[in-house]
$ cat structure.txt   # compact mmCIF, C-alpha atoms and all ligand atoms
# COMPACT_ATOMS: atom_id res chain seq x y z
CA MET A 6 49.42 -77.00 -17.09
CA ARG A 7 52.27 -77.65 -14.69
CA SER A 8 52.65 -74.92 -12.14
CA MET A 9 56.09 -73.38 -12.35
CA SER A 10 56.37 -71.75 -8.98
CA GLY A 11 59.13 -69.29 -8.16
CA LYS A 12 59.23 -67.52 -11.50
CA ASP A 13 62.53 -65.84 -10.58
CA ASP A 14 64.18 -69.24 -10.80
CA ILE A 15 63.02 -69.84 -14.34
CA PRO A 16 65.60 -69.09 -17.05
CA SER A 17 64.95 -65.95 -19.07
CA GLY A 18 62.72 -66.52 -22.05
CA PHE A 19 60.77 -69.28 -20.32
CA GLN A 20 58.72 -67.25 -17.81
CA ASP A 21 55.61 -67.12 -19.96
CA LEU A 22 55.23 -70.84 -20.59
CA GLU A 23 52.07 -71.02 -18.54
CA GLU A 24 50.42 -68.23 -20.51
CA VAL A 25 48.95 -70.23 -23.31
CA GLU A 26 46.40 -68.63 -25.52
CA ALA A 27 44.58 -70.59 -28.22
CA PRO A 28 45.64 -69.55 -31.75
CA PHE A 29 41.95 -69.29 -32.71
CA GLU A 30 38.53 -70.15 -31.32
CA VAL A 31 37.70 -73.87 -31.00
CA ARG A 32 36.56 -75.08 -34.41
CA ASN A 33 34.44 -78.00 -35.41
CA VAL A 34 36.04 -78.76 -38.75
CA VAL A 35 33.76 -80.27 -41.38
CA ILE A 36 35.67 -81.44 -44.47
CA LYS A 37 34.71 -79.35 -47.51
CA SER A 38 34.50 -80.91 -50.97
CA PRO A 39 33.76 -79.59 -54.53
CA PRO A 40 32.32 -77.19 -55.50
CA GLU A 41 34.08 -75.79 -52.42
CA THR A 42 37.81 -75.56 -53.11
CA VAL A 43 40.77 -74.47 -51.06
CA ASP A 44 41.58 -71.63 -53.50
CA LYS A 45 38.17 -70.10 -52.87
CA TYR A 46 39.00 -69.60 -49.19
CA TYR A 47 42.80 -69.45 -48.95
CA LYS A 48 45.69 -67.89 -50.87
CA ALA A 49 48.82 -70.06 -50.99
CA HIS A 50 52.28 -68.55 -50.38
CA GLU A 51 55.83 -69.93 -49.98
CA GLU A 52 56.73 -73.49 -49.03
CA LEU A 53 57.43 -74.12 -45.33
CA GLY A 54 58.54 -77.71 -45.52
CA SER A 55 57.80 -81.06 -47.01
CA GLY A 56 56.94 -84.30 -45.33
CA LYS A 57 56.25 -87.93 -46.11
CA PHE A 58 53.05 -87.28 -48.03
CA GLY A 59 53.31 -83.83 -49.53
CA ARG A 60 54.13 -80.16 -49.10
CA VAL A 61 53.29 -77.60 -46.44
CA VAL A 62 52.97 -73.94 -47.54
CA ARG A 63 52.09 -70.70 -45.78
CA CYS A 64 48.63 -69.44 -46.70
CA SER A 65 46.21 -66.68 -45.77
CA GLU A 66 42.50 -66.91 -45.25
CA ILE A 67 40.94 -64.60 -47.84
CA VAL A 68 38.06 -63.37 -45.71
CA SER A 69 40.08 -62.59 -42.56
CA GLY A 70 43.66 -62.22 -43.79
CA ARG A 71 44.68 -64.68 -41.04
CA THR A 72 47.97 -66.47 -41.72
CA LEU A 73 47.83 -70.27 -41.54
CA ALA A 74 49.71 -73.30 -42.86
CA CYS A 75 48.34 -75.44 -45.66
CA LYS A 76 49.33 -79.12 -45.79
CA TYR A 77 48.69 -80.85 -49.13
CA ILE A 78 48.49 -84.62 -48.94
CA ASP A 79 48.80 -86.44 -52.24
CA LEU A 80 46.23 -89.25 -52.43
CA LYS A 81 48.69 -91.31 -54.50
CA MET A 82 51.00 -91.35 -51.46
CA SER A 83 48.46 -91.83 -48.71
CA LYS A 84 45.15 -93.58 -48.18
CA ILE A 85 42.09 -91.44 -47.67
CA GLY A 86 41.19 -93.42 -44.53
CA ASP A 87 44.53 -92.49 -42.96
CA ILE A 88 43.97 -88.79 -43.63
CA LEU A 89 40.45 -88.95 -42.20
CA ASN A 90 42.05 -90.60 -39.15
CA GLU A 91 44.56 -87.71 -38.90
CA ILE A 92 41.70 -85.18 -39.08
CA ALA A 93 39.59 -87.04 -36.51
CA ILE A 94 42.54 -87.26 -34.14
CA MET A 95 43.37 -83.56 -34.52
CA GLN A 96 39.76 -82.69 -33.69
CA LYS A 97 40.20 -84.45 -30.35
CA LEU A 98 43.53 -82.82 -29.60
CA GLN A 99 42.62 -79.32 -28.61
CA HIS A 100 45.55 -78.38 -26.40
CA PRO A 101 48.03 -75.48 -26.43
CA ARG A 102 51.04 -77.78 -26.87
CA LEU A 103 49.53 -79.55 -29.90
CA LEU A 104 49.16 -78.15 -33.42
CA GLN A 105 45.57 -77.08 -34.07
CA LEU A 106 43.46 -77.85 -37.14
CA TYR A 107 41.58 -74.93 -38.77
CA ASP A 108 39.93 -76.33 -41.89
CA ALA A 109 40.03 -79.30 -44.29
CA PHE A 110 39.29 -79.95 -47.96
CA GLN A 111 38.89 -83.08 -50.03
CA GLU A 112 39.69 -82.97 -53.75
CA SER A 113 39.95 -85.77 -56.30
CA THR A 114 43.74 -86.13 -56.10
CA ARG A 115 44.61 -84.57 -52.76
CA MET A 116 43.44 -83.68 -49.28
CA ILE A 117 44.29 -80.33 -47.77
CA LEU A 118 44.61 -79.54 -44.09
CA ILE A 119 44.61 -75.90 -42.99
CA LEU A 120 46.61 -75.64 -39.79
CA GLU A 121 47.72 -73.19 -37.17
CA PHE A 122 50.89 -71.47 -38.48
CA LEU A 123 54.07 -71.95 -36.46
CA THR A 124 56.95 -69.61 -37.25
CA GLY A 125 59.65 -70.57 -34.75
CA GLY A 126 61.13 -73.50 -36.69
CA GLU A 127 62.32 -76.82 -35.34
CA LEU A 128 63.29 -77.16 -31.69
CA PHE A 129 66.76 -78.55 -32.46
CA TYR A 130 67.62 -75.60 -34.72
CA ARG A 131 66.52 -73.22 -31.94
CA VAL A 132 68.67 -75.03 -29.46
CA VAL A 133 71.83 -74.88 -31.59
CA ASN A 134 71.31 -71.21 -32.31
CA THR A 135 70.86 -70.07 -28.71
CA GLU A 136 72.63 -70.50 -25.39
CA TYR A 137 71.27 -73.64 -23.85
CA SER A 138 72.05 -75.86 -20.91
CA GLU A 139 70.65 -78.94 -19.26
CA ARG A 140 68.31 -76.64 -17.37
CA THR A 141 66.79 -74.95 -20.44
CA CYS A 142 66.52 -78.38 -22.03
CA LYS A 143 64.19 -79.39 -19.18
CA PHE A 144 61.75 -76.62 -20.03
CA TYR A 145 61.34 -77.99 -23.54
CA LEU A 146 60.92 -81.53 -22.23
CA ILE A 147 58.32 -80.45 -19.67
CA GLN A 148 56.27 -78.99 -22.53
CA LEU A 149 56.75 -82.13 -24.62
CA CYS A 150 55.58 -84.32 -21.73
CA GLU A 151 52.58 -82.03 -21.14
CA ALA A 152 51.63 -82.47 -24.79
CA LEU A 153 52.00 -86.24 -24.51
CA LYS A 154 50.14 -86.47 -21.22
CA PHE A 155 47.14 -84.81 -22.90
CA MET A 156 47.35 -87.13 -25.91
CA HIS A 157 47.82 -90.24 -23.78
CA ASP A 158 44.97 -89.24 -21.42
CA HIS A 159 42.86 -89.32 -24.60
CA SER A 160 44.33 -92.74 -25.54
CA ILE A 161 46.06 -91.28 -28.59
CA ILE A 162 49.60 -92.39 -29.44
CA HIS A 163 51.63 -90.08 -31.71
CA LEU A 164 53.96 -92.80 -33.09
CA ASP A 165 56.25 -90.42 -34.97
CA LEU A 166 57.89 -88.32 -32.30
CA LYS A 167 61.16 -86.92 -33.54
CA PRO A 168 62.91 -83.53 -33.63
CA GLU A 169 61.27 -82.48 -36.94
CA ASN A 170 57.87 -82.81 -35.32
CA ILE A 171 58.55 -80.42 -32.44
CA LEU A 172 58.24 -76.82 -33.59
CA LEU A 173 58.50 -73.46 -31.80
CA VAL A 174 55.43 -71.24 -31.90
CA ASN A 175 57.34 -68.14 -33.06
CA PRO A 176 60.90 -66.78 -33.13
CA GLU A 177 60.45 -64.84 -29.87
CA SER A 178 58.84 -67.61 -27.85
CA ASN A 179 60.18 -70.77 -26.23
CA LYS A 180 56.79 -72.44 -26.43
CA ILE A 181 56.78 -75.66 -28.40
CA LYS A 182 54.07 -77.57 -30.20
CA VAL A 183 53.98 -81.17 -31.32
CA ILE A 184 52.95 -81.50 -34.96
CA ASP A 185 52.17 -84.23 -37.54
CA PHE A 186 49.48 -86.64 -36.40
CA GLY A 187 49.64 -88.51 -39.70
CA LEU A 188 50.72 -91.77 -38.04
CA ALA A 189 48.89 -91.27 -34.73
CA GLN A 190 46.51 -93.97 -33.51
CA GLU A 191 43.72 -94.02 -31.00
CA GLN A 192 43.85 -97.12 -28.82
CA LYS A 193 40.45 -98.23 -27.57
CA PRO A 194 40.43 -99.72 -24.04
CA GLY A 195 41.73 -103.29 -24.08
CA GLU A 196 42.48 -103.09 -27.81
CA SER A 197 45.66 -104.70 -29.07
CA LEU A 198 47.45 -102.46 -31.54
CA LYS A 199 50.51 -103.26 -33.64
CA VAL A 200 52.17 -100.93 -36.14
CA LEU A 201 55.09 -101.17 -38.48
CA TRP A 202 56.13 -97.60 -39.12
CA GLY A 203 58.14 -94.84 -37.58
CA THR A 204 61.62 -93.43 -37.94
CA ALA A 205 64.40 -95.95 -37.21
CA GLU A 206 66.38 -93.82 -34.76
CA PHE A 207 63.35 -92.95 -32.64
CA VAL A 208 61.22 -96.05 -32.86
CA ALA A 209 60.67 -98.34 -29.84
CA PRO A 210 61.66 -102.04 -29.79
CA GLU A 211 58.01 -103.19 -29.75
CA VAL A 212 57.43 -101.50 -33.14
CA ILE A 213 60.44 -103.18 -34.76
CA ASN A 214 59.40 -106.55 -33.24
CA TYR A 215 55.82 -105.99 -34.41
CA GLU A 216 54.51 -106.49 -30.87
CA ASP A 217 51.64 -104.74 -29.09
CA ILE A 218 52.26 -101.03 -28.69
CA SER A 219 50.88 -98.60 -26.09
CA ILE A 220 51.13 -94.97 -25.04
CA LYS A 221 54.56 -95.92 -23.64
CA THR A 222 55.77 -96.38 -27.23
CA ASP A 223 55.92 -92.57 -27.50
CA MET A 224 57.87 -92.37 -24.24
CA TRP A 225 60.73 -94.38 -25.76
CA SER A 226 61.06 -91.63 -28.39
CA VAL A 227 61.15 -89.01 -25.61
CA GLY A 228 64.16 -90.90 -24.21
CA VAL A 229 65.92 -90.75 -27.59
CA ILE A 230 65.09 -87.05 -28.06
CA THR A 231 66.41 -86.24 -24.55
CA TYR A 232 69.62 -88.17 -25.23
CA ILE A 233 70.22 -86.22 -28.46
CA LEU A 234 69.37 -82.86 -26.85
CA LEU A 235 71.94 -83.48 -24.11
CA SER A 236 74.73 -84.88 -26.27
CA GLY A 237 74.11 -84.21 -29.97
CA ILE A 238 74.46 -87.96 -30.56
CA SER A 239 71.73 -90.33 -31.64
CA PRO A 240 71.88 -93.23 -29.13
CA PHE A 241 70.97 -96.11 -31.44
CA MET A 242 72.23 -94.82 -34.78
CA GLY A 243 74.07 -97.56 -36.67
CA GLU A 244 75.93 -97.68 -39.98
CA ASN A 245 72.69 -98.62 -41.68
CA VAL A 246 69.00 -98.98 -40.81
CA GLY A 247 69.34 -102.71 -40.02
CA GLU A 248 72.12 -101.99 -37.52
CA THR A 249 70.05 -99.20 -35.95
CA TYR A 250 67.12 -101.60 -35.49
CA GLY A 251 69.50 -104.14 -33.92
CA ASN A 252 70.76 -101.54 -31.44
CA VAL A 253 67.19 -100.57 -30.54
CA VAL A 254 65.85 -104.07 -29.92
CA ASN A 255 68.90 -104.90 -27.80
CA VAL A 256 68.70 -101.50 -26.03
CA ARG A 257 72.36 -101.03 -26.95
CA TYR A 258 73.40 -97.51 -25.90
CA ASP A 259 75.77 -95.96 -23.37
CA PHE A 260 76.78 -92.68 -21.77
CA ASP A 261 80.45 -93.05 -22.69
CA ASP A 262 80.69 -89.95 -24.85
CA GLU A 263 82.47 -86.96 -23.31
CA SER A 264 79.25 -84.90 -23.69
CA PHE A 265 77.83 -86.83 -20.75
CA GLU A 266 80.72 -85.89 -18.44
CA THR A 267 79.04 -82.59 -17.58
CA CYS A 268 75.56 -84.06 -17.48
CA SER A 269 73.81 -84.54 -14.12
CA PRO A 270 73.26 -88.11 -12.86
CA GLU A 271 69.49 -87.39 -12.69
CA ALA A 272 69.42 -86.62 -16.42
CA LYS A 273 70.94 -90.03 -17.13
CA VAL A 274 68.41 -91.69 -14.80
CA PHE A 275 65.61 -89.90 -16.70
CA ILE A 276 66.88 -91.34 -19.99
CA GLN A 277 67.36 -94.80 -18.42
CA ASP A 278 63.77 -94.72 -17.11
CA LEU A 279 62.54 -94.12 -20.65
CA LEU A 280 64.80 -96.41 -22.67
CA ILE A 281 63.47 -99.60 -21.08
CA LYS A 282 62.48 -102.45 -23.36
CA GLU A 283 59.54 -103.54 -21.21
CA GLN A 284 56.74 -101.01 -21.71
CA SER A 285 55.20 -101.57 -18.27
CA LYS A 286 58.46 -100.46 -16.62
CA ARG A 287 58.98 -97.43 -18.89
CA ILE A 288 57.79 -94.20 -17.25
CA SER A 289 54.62 -92.48 -18.51
CA ALA A 290 54.32 -88.80 -19.49
CA ASP A 291 52.79 -88.09 -16.11
CA GLU A 292 55.61 -89.89 -14.30
CA ALA A 293 58.15 -88.06 -16.46
CA LEU A 294 56.66 -84.72 -15.37
CA LYS A 295 57.02 -85.85 -11.76
CA HIS A 296 60.52 -87.20 -12.31
CA ARG A 297 63.19 -85.81 -10.01
CA TRP A 298 65.15 -84.46 -12.95
CA LEU A 299 62.26 -82.45 -14.46
CA GLN A 300 61.08 -81.34 -11.03
CA GLU A 301 64.41 -79.75 -10.18
CA ILE A 302 64.02 -76.67 -12.34
CA THR A 303 65.54 -74.29 -9.84
CA SER A 304 69.00 -75.85 -9.60
CA ASN A 305 71.30 -74.45 -12.21
CA VAL A 306 72.93 -77.75 -13.10
CA GLY A 307 74.81 -77.89 -16.33
CA LYS A 308 76.87 -75.27 -17.99
CA SER A 309 76.16 -74.21 -21.53
CA PHE A 310 76.49 -77.12 -23.91
CA ASN A 311 79.02 -77.42 -26.64
CA LYS A 312 76.69 -77.38 -29.62
CA ASP A 313 79.08 -78.69 -32.26
CA LYS A 314 77.84 -82.25 -31.96
CA LEU A 315 74.20 -81.23 -32.25
CA LYS A 316 75.09 -79.08 -35.27
CA ASN A 317 76.81 -82.08 -36.84
CA TYR A 318 73.77 -84.20 -36.06
CA LEU A 319 71.52 -81.75 -37.91
CA THR A 320 73.87 -81.57 -40.90
CA ARG A 321 74.14 -85.36 -41.13
CA ARG A 322 70.39 -85.69 -40.78
CA LYS A 323 69.78 -83.63 -43.90
CA TRP A 324 71.71 -86.19 -45.93
CA ARG A 325 70.40 -89.20 -44.09
CA ARG A 326 66.77 -88.27 -44.52
CA ALA A 327 66.54 -89.16 -48.17
CA ILE A 328 68.77 -92.24 -47.98
CA ASN A 329 67.14 -93.69 -44.85
CA GLY A 330 63.66 -93.23 -46.25
CA VAL A 331 64.47 -95.46 -49.17
CA LEU A 332 66.29 -98.09 -47.08
CA ALA A 333 63.52 -98.24 -44.50
CA LEU A 334 60.96 -98.85 -47.18
CA GLN A 335 63.09 -101.62 -48.71
CA LEU A 336 63.65 -103.28 -45.35
CA MET A 337 60.13 -103.04 -44.15
CA GLY A 338 58.48 -103.82 -47.46
CA ALA A 339 56.53 -100.68 -48.25
CA ASP A 340 55.69 -100.13 -44.59
CA LEU A 341 53.09 -97.51 -45.29
CA ASP A 342 50.83 -100.11 -46.77
CA MET A 343 51.12 -102.29 -43.70
CA ARG A 344 48.94 -100.14 -41.47
CA LYS A 345 46.48 -102.34 -39.62
P1 LIG A 401 54.14 -85.11 -43.18
O1 LIG A 401 52.99 -85.63 -42.38
O2 LIG A 401 53.87 -85.19 -44.67
O3 LIG A 401 55.45 -85.73 -42.78
P2 LIG A 401 54.49 -82.70 -41.58
O4 LIG A 401 53.19 -82.41 -40.93
O5 LIG A 401 55.54 -83.37 -40.70
O6 LIG A 401 54.27 -83.54 -42.91
O7 LIG A 401 55.10 -81.36 -42.16
C1 LIG A 401 56.32 -81.33 -42.90
C2 LIG A 401 57.13 -80.10 -42.53
O8 LIG A 401 56.39 -78.90 -42.82
C3 LIG A 401 57.46 -79.99 -41.02
O9 LIG A 401 58.62 -80.70 -40.67
C4 LIG A 401 57.60 -78.47 -40.85
O10 LIG A 401 58.88 -78.05 -41.25
C5 LIG A 401 56.59 -77.90 -41.82
N1 LIG A 401 55.30 -77.64 -41.14
C6 LIG A 401 54.30 -78.52 -40.94
N2 LIG A 401 53.26 -77.97 -40.30
C7 LIG A 401 53.60 -76.69 -40.09
C8 LIG A 401 52.92 -75.56 -39.47
N3 LIG A 401 51.72 -75.71 -38.97
N4 LIG A 401 53.55 -74.37 -39.44
C9 LIG A 401 54.79 -74.25 -39.97
N5 LIG A 401 55.49 -75.25 -40.57
C10 LIG A 401 54.90 -76.46 -40.63

$ encode --input "structure.txt" --output "structure tokens"
Amino acid sequence: MRSMSGKDDIPSGFQDLEEVEAPFEVRNVVIKSPPETVDKYYKAHEELGSGKFGRVVRCSEIVSGRTLACKYIDLKMSKIGDILNEIAIMQKLQHPRLLQLYDAFQESTRMILILEFLTGGELFYRVVNTEYSERTCKFYLIQLCEALKFMHDHSIIHLDLKPENILLVNPESNKIKVIDFGLAQEQKPGESLKVLWGTAEFVAPEVINYEDISIKTDMWSVGVITYILLSGISPFMGENVGETYGNVVNVRYDFDDESFETCSPEAKVFIQDLLIKEQSKRISADEALKHRWLQEITSNVGKSFNKDKLKNYLTRRKWRRAINGVLALQLMGADLDMRK
């Protein structure tokens, strides 16, 4: 974990970032199947959210009373091989900034993942509901880059980094965790990997062009997330998905919006170093952590942000989600079936 020296310089609420305790002991999850059932071990409670392939509900382990999250994945929506891939990847990702897997079940019509329970909600909602500045923003990005450095050191690419997949551990803490490894891929040394999925606003040019991807593909999304955190505007968002893709492949974005007037030049350089079409020139998670902008945690650059734009972004996103999902599928021709 990055050493944050000079704790007095760290904004309040962020001092404990280095204290990272595992949510539970390391587990070697073996997938259970009938006659073992999820209901025998866990009691389901209220819904926490829903994703591409099913619902996530709060649950409690019957024997211990421990609260966890239960992710149901409908086998009509997803291939069994992809879920086994998600489980295998999660087993390798034992790190405090990454969501941990607790248990797994296979049934005839669905797979069920039992996960560490996160109660702090999405990062962007936290940010709009608290005082935040460029400086506090850096502390979230440092954690995100730490999560990615661990994944990338293990040759695992997340491939679906976006605000919904960055959650806070609990309402009191500023610790984040990256979730949803449903699209993640392990890249063997020297292996060429192409994918055709992701979320239009956050996806890198090489994905849209169906070219070889790499761990740097995630770093493009970090650039987009940083841009939105600092301005409340999505840099490549077009009138429709096709236009968004056009903006991405042509790296068409600018810092013209008034939100960037109060932003430090180093923050813009950080974004520019990530939103580079050529993957070899795009900075890695390790380089991002060493970047001048993220290193300068003591300077109090940036007053509190005006959060109206980010609030608008979140409101618009609610509506866009459903519409974009349909359009993306039409444009890409049932992309979920195109996994190679
Ligand atoms: P999918 O792979 O189907 O897209 P996700 O893993 O992204 O599903 O989960 C969907 C939503 O459920 C998330 O955006 C989040 O709101 C909620 N969620 C997922 N995992 C957890 C968890 N471990 N704790 C709390 N909420 C969660």

$ atom_distance --input "structure.txt" --atom1 "atom CA of Asn214 of chain A" --atom2 "atom CA of Asp185 of chain A"
23.9 Å

$ residues_near_ligand --input "structure.txt" --ligand "ligand LIG 401 (chain A)" --cutoff "6 Å" --atoms "all atoms listed in the file" --output "MDAnalysis selection string"
chainID A and resid 53:59 61 74 120:124 169:170 185 187

$ closest_residue --input "structure.txt" --among "A:Lys221, A:Lys84, A:Arg297, A:Lys312" --to "Gln284 of chain A" --atoms "all atoms listed in the file"
A:Lys221

$ closest_residue --input "structure.txt" --among "A:Thr42, A:Ile161, A:Glu151, A:Lys81" --to "Lys97 of chain A" --atoms "all atoms listed in the file"
A:Ile161

$ atom_distance --input "structure.txt" --atom1 "atom CA of Leu89 of chain A" --atom2 "atom CA of Ala109 of chain A"
9.9 Å

$ atom_distance --input "structure.txt" --atom1 "atom CA of Glu52 of chain A" --atom2 "atom CA of Ile233 of chain A"
27.7 Å

$ closest_residue --input "structure.txt" --among "A:Ile92, A:Leu319, A:Val31, A:Leu164" --to "Val212 of chain A" --atoms "all atoms listed in the file"
A:Leu164

$ residues_near_point --input "structure.txt" --point "(61.3, -82.7, -24.1)" --cutoff "9 Å" --atoms "only C-alpha atoms" --output "list in words"
Cys142, Lys143, Phe144, Tyr145, Leu146, Ile147, Gln148, Leu149, Cys150, Val227, Gly228, Ile230, Thr231 and Leu234 of chain A
